[in-house]
Amino acid sequence: MNVHWQGVIPALTTPFDANDRVDQGFLNDHARWVVEHGCTGLVPIGSLGESATLSSAEKRRVLEVCVAAVGDRVPIIPGIAALSTAEAVALAKDAKAIGCSGLMVLPPYVYSTDWREMKAHVRTVIAATDLPCMLYNNPVAYKTDFLPAHIAELARELPNLQAVKESSTDVRRTTAIRALLGGRVNVLCGVDDAIVEAIGAGALGWIAGLVNAFPAESVALYRAAVDGDDEDAFALYRWFLPLLRMDTVPKFVQLIKLAQERVGMGSGRVRAPRLPLAGDELREANAVIDEALAARPALDALTTKRVVIA
């Protein structure tokens, strides 16, 4: 399965059952559901997938379920993150053996330092397999900032570095990466509430969070922005923004899973140390979702569109 690094690619949530086990049956159904609505790949076991709370065996099982569910239809591109470089390399090799089509490579958990050490880590992980890779830049969450010049340096050395998930929240980074590298790497937006701006700056894909609950709306928004349908894009964007902003706060996992629960595609269960939302936070989140559902646009025509990759 080739990876084209375009379209709407969910950062997939990991569902848990009432006994805190990975709900493999729902994971299968959820993966199929988002793909049926036009998503062009899946990124399991990332930050939104609560990867840091999963055992190695659980990570492998999540990947096996996703590959079996839709791996013949879209690429499975797991998040590769760990405390140590050796553990990340092992996960990358496991992903290839399971049948994943590509990798999203993150800096190490907890430890953030200078470019020499961070380059050594991600370079080792990317070079561990021949799978096409996407570098994940999220300085807000991981305290490591891969600057455009760093990305260009890696791209010169690693042919299988093909894309960047840019989550710095600065859409000027998209322009800067393209100015240095042209089409050598694809830039994908990793911030839900910056997608229209990122596409305007040259991003070709969207690693999205709220797509877990609203795949039809996510694909319609992406397609309108890519096609230059500004009126449709901004009308849908205005409706979607209060929801999309749920992806940009510390409790984004709880908020996105709550949105899934509210649309009947998941539950609010999270794994400790996270706890489900409660009190004012829950009331405020439900109020946002209530308002969005009450004003949910009709997408009968738009949901029949599919992202066509050349």
# chains A, B, ... in the order shown; residues from 1 in each chain; ligands from 1
>>> residues_around(residues="range 40-42 of chain A", least_positions_apart="6", cutoff="8 Å", atoms="only C-alpha atoms", output="MDAnalysis selection string")
chainID A and resid 6:12 31 74:78 307
>>> residues_around(residues="Ala233 in chain A", least_positions_apart="2", cutoff="12 Å", atoms="only C-alpha atoms", output="ChimeraX atom specification")
/A:195-197,199-200,217-231,235-241,302
>>> write_last_selection(atoms="C-alpha atoms", output="short mmCIF file (atom, residue, chain, number, x, y, z; two decimals), in the first residue's frame")
data_model
loop_
_atom_site.label_atom_id
_atom_site.label_comp_id
_atom_site.auth_asym_id
_atom_site.auth_seq_id
_atom_site.Cartn_x
_atom_site.Cartn_y
_atom_site.Cartn_z
CA ILE A 195 -6.51 23.42 8.48
CA VAL A 196 -7.92 26.01 6.07
CA GLU A 197 -4.98 28.35 6.69
CA ILE A 199 -3.93 24.40 3.00
CA GLY A 200 -3.72 27.99 1.81
CA GLU A 217 -17.64 17.16 7.92
CA SER A 218 -13.84 16.84 8.09
CA VAL A 219 -13.57 15.44 4.57
CA ALA A 220 -16.02 18.03 3.22
CA LEU A 221 -14.03 20.87 4.83
CA TYR A 222 -10.72 19.56 3.50
CA ARG A 223 -12.13 19.04 0.02
CA ALA A 224 -13.66 22.54 -0.12
CA ALA A 225 -10.40 24.13 1.02
CA VAL A 226 -8.29 22.17 -1.47
CA ASP A 227 -10.72 22.92 -4.31
CA GLY A 228 -10.70 26.64 -3.52
CA ASP A 229 -14.40 26.71 -2.66
CA ASP A 230 -13.85 29.54 -0.21
CA GLU A 231 -17.51 30.23 0.51
CA ALA A 235 -19.17 28.43 6.09
CA LEU A 236 -18.31 24.92 7.26
CA TYR A 237 -15.21 26.13 9.10
CA ARG A 238 -17.23 28.65 11.14
CA TRP A 239 -19.58 25.90 12.25
CA PHE A 240 -16.73 23.47 12.97
CA LEU A 241 -14.26 25.73 14.77
CA LEU A 302 -20.63 16.85 -0.03
#
>>> closest_residue(among="A:Arg173, A:Arg245, A:Arg21, A:Lys143", to="Asp114 in chain A", atoms="only C-alpha atoms")
A:Lys143
>>> residues_around(residues="Phe252 in chain A", least_positions_apart="3", cutoff="12 Å", atoms="only C-alpha atoms", output="PyMOL selection string")
chain A and resi 11+13+47-50+141+191-192+208-210+243-249+255-259+268+270+274-277+281+285
>>> write_last_selection(atoms="N, CA and C atoms", output="short mmCIF file (atom, residue, chain, number, x, y, z; two decimals), in the first residue's frame")
data_model
loop_
_atom_site.label_atom_id
_atom_site.label_comp_id
_atom_site.auth_asym_id
_atom_site.auth_seq_id
_atom_site.Cartn_x
_atom_site.Cartn_y
_atom_site.Cartn_z
N ALA A 11 -5.95 10.90 13.35
CA ALA A 11 -5.16 10.45 14.49
C ALA A 11 -6.13 9.65 15.35
N THR A 13 -8.29 7.53 17.88
CA THR A 13 -8.40 7.26 19.31
C THR A 13 -8.33 5.76 19.56
N SER A 47 -0.50 10.42 19.98
CA SER A 47 -0.84 11.09 21.24
C SER A 47 -2.32 10.95 21.54
N LEU A 48 -3.17 11.17 20.53
CA LEU A 48 -4.61 11.03 20.72
C LEU A 48 -5.00 9.58 21.00
N GLY A 49 -4.18 8.66 20.53
CA GLY A 49 -4.41 7.24 20.78
C GLY A 49 -3.92 6.77 22.14
N GLU A 50 -3.51 7.72 23.00
CA GLU A 50 -3.05 7.41 24.36
C GLU A 50 -1.91 6.39 24.36
N ALA A 141 3.70 20.27 22.60
CA ALA A 141 3.50 19.09 23.44
C ALA A 141 4.81 18.42 23.84
N VAL A 191 -2.82 20.49 13.33
CA VAL A 191 -3.60 21.28 14.28
C VAL A 191 -5.01 21.43 13.70
N ASP A 192 -6.01 20.95 14.41
CA ASP A 192 -7.36 20.90 13.84
C ASP A 192 -7.88 22.27 13.42
N ALA A 208 -5.93 14.68 11.59
CA ALA A 208 -7.03 15.36 12.29
C ALA A 208 -7.48 14.58 13.51
N GLY A 209 -8.07 15.31 14.48
CA GLY A 209 -8.58 14.71 15.70
C GLY A 209 -10.08 14.58 15.74
N LEU A 210 -10.81 15.69 15.49
CA LEU A 210 -12.27 15.65 15.57
C LEU A 210 -12.88 14.80 14.47
N LEU A 243 -15.69 23.06 17.78
CA LEU A 243 -15.33 21.67 17.99
C LEU A 243 -13.84 21.45 17.73
N LEU A 244 -13.33 22.01 16.64
CA LEU A 244 -11.93 21.81 16.28
C LEU A 244 -10.99 22.32 17.36
N ARG A 245 -11.41 23.36 18.07
CA ARG A 245 -10.57 23.91 19.14
C ARG A 245 -10.42 22.94 20.31
N MET A 246 -11.27 21.93 20.38
CA MET A 246 -11.12 20.92 21.42
C MET A 246 -9.81 20.13 21.26
N ASP A 247 -9.25 20.17 20.06
CA ASP A 247 -8.02 19.44 19.77
C ASP A 247 -6.77 20.17 20.25
N THR A 248 -6.92 21.39 20.75
CA THR A 248 -5.76 22.23 21.02
C THR A 248 -5.54 22.52 22.50
N VAL A 249 -6.18 21.77 23.37
CA VAL A 249 -6.08 22.01 24.81
C VAL A 249 -5.59 20.73 25.50
N LEU A 255 -11.94 15.28 25.45
CA LEU A 255 -12.93 16.06 24.69
C LEU A 255 -13.30 15.36 23.39
N ILE A 256 -12.32 14.85 22.69
CA ILE A 256 -12.62 14.19 21.41
C ILE A 256 -13.37 12.89 21.65
N LYS A 257 -13.01 12.15 22.69
CA LYS A 257 -13.76 10.93 22.99
C LYS A 257 -15.19 11.24 23.44
N LEU A 258 -15.37 12.35 24.15
CA LEU A 258 -16.73 12.76 24.51
C LEU A 258 -17.53 13.07 23.26
N ALA A 259 -16.93 13.76 22.30
CA ALA A 259 -17.63 14.05 21.04
C ALA A 259 -18.00 12.76 20.33
N GLY A 268 -16.60 7.84 26.23
CA GLY A 268 -15.70 8.79 26.84
C GLY A 268 -14.62 8.14 27.69
N VAL A 270 -11.29 6.85 29.06
CA VAL A 270 -9.88 7.11 28.85
C VAL A 270 -9.09 6.30 29.87
N ARG A 274 -5.36 9.88 32.87
CA ARG A 274 -6.51 10.69 32.44
C ARG A 274 -7.77 10.19 33.13
N LEU A 275 -8.69 11.10 33.39
CA LEU A 275 -10.01 10.78 33.91
C LEU A 275 -11.05 11.40 33.00
N PRO A 276 -12.24 10.81 32.91
CA PRO A 276 -13.29 11.43 32.12
C PRO A 276 -13.60 12.83 32.64
N LEU A 277 -14.09 13.66 31.76
CA LEU A 277 -14.48 15.02 32.15
C LEU A 277 -15.59 14.97 33.20
N GLU A 281 -16.26 21.38 33.52
CA GLU A 281 -15.61 21.03 32.25
C GLU A 281 -16.54 20.20 31.38
N ALA A 285 -18.19 21.46 27.85
CA ALA A 285 -17.93 20.69 26.64
C ALA A 285 -19.23 20.23 26.00
#
>>> residues_around(residues="Thr124 in chain A", least_positions_apart="6", cutoff="10 Å", atoms="only C-alpha atoms", output="PyMOL selection string")
chain A and resi 85-86+88-89+118
>>> residues_around(residues="range 61-65 of chain A", least_positions_apart="4", cutoff="8 Å", atoms="only C-alpha atoms", output="PyMOL selection string")
chain A and resi 14+22+24+27-28+44-45+57+69+76+78+95+98-100
>>> select_by_dssp(residues="range 224-267 of chain A", states="helix (DSSP H, G or I)", output="MDAnalysis selection string")
chainID A and resid 224:227 230:248 252:262
>>> residues_around(residues="range 134-137 of chain A", least_positions_apart="2", cutoff="8 Å", atoms="only C-alpha atoms", output="MDAnalysis selection string")
chainID A and resid 102:107 132 139 144:146 161:168
>>> write_last_selection(atoms="C-alpha atoms", output="mmCIF file, in the first residue's frame")
data_model
loop_
_atom_site.group_PDB
_atom_site.id
_atom_site.type_symbol
_atom_site.label_atom_id
_atom_site.label_comp_id
_atom_site.auth_asym_id
_atom_site.auth_seq_id
_atom_site.Cartn_x
_atom_site.Cartn_y
_atom_site.Cartn_z
ATOM 1 C CA GLY A 102 4.385 3.963 6.821
ATOM 2 C CA LEU A 103 5.463 5.501 10.124
ATOM 3 C CA MET A 104 4.916 8.783 11.957
ATOM 4 C CA VAL A 105 8.131 9.365 13.921
ATOM 5 C CA LEU A 106 8.054 11.434 17.116
ATOM 6 C CA PRO A 107 10.785 12.772 19.370
ATOM 7 C CA PRO A 132 8.078 5.857 4.167
ATOM 8 C CA PRO A 139 7.014 21.701 20.064
ATOM 9 C CA THR A 144 11.309 19.671 20.770
ATOM 10 C CA ASP A 145 11.086 21.952 17.755
ATOM 11 C CA PHE A 146 12.196 20.589 14.394
ATOM 12 C CA LEU A 161 11.497 10.801 4.990
ATOM 13 C CA GLN A 162 8.576 11.873 2.829
ATOM 14 C CA ALA A 163 6.350 14.081 4.960
ATOM 15 C CA VAL A 164 6.081 16.322 8.007
ATOM 16 C CA LYS A 165 3.152 16.630 10.385
ATOM 17 C CA GLU A 166 3.480 20.294 11.318
ATOM 18 C CA SER A 167 1.847 21.105 14.662
ATOM 19 C CA SER A 168 3.795 24.171 15.761
#
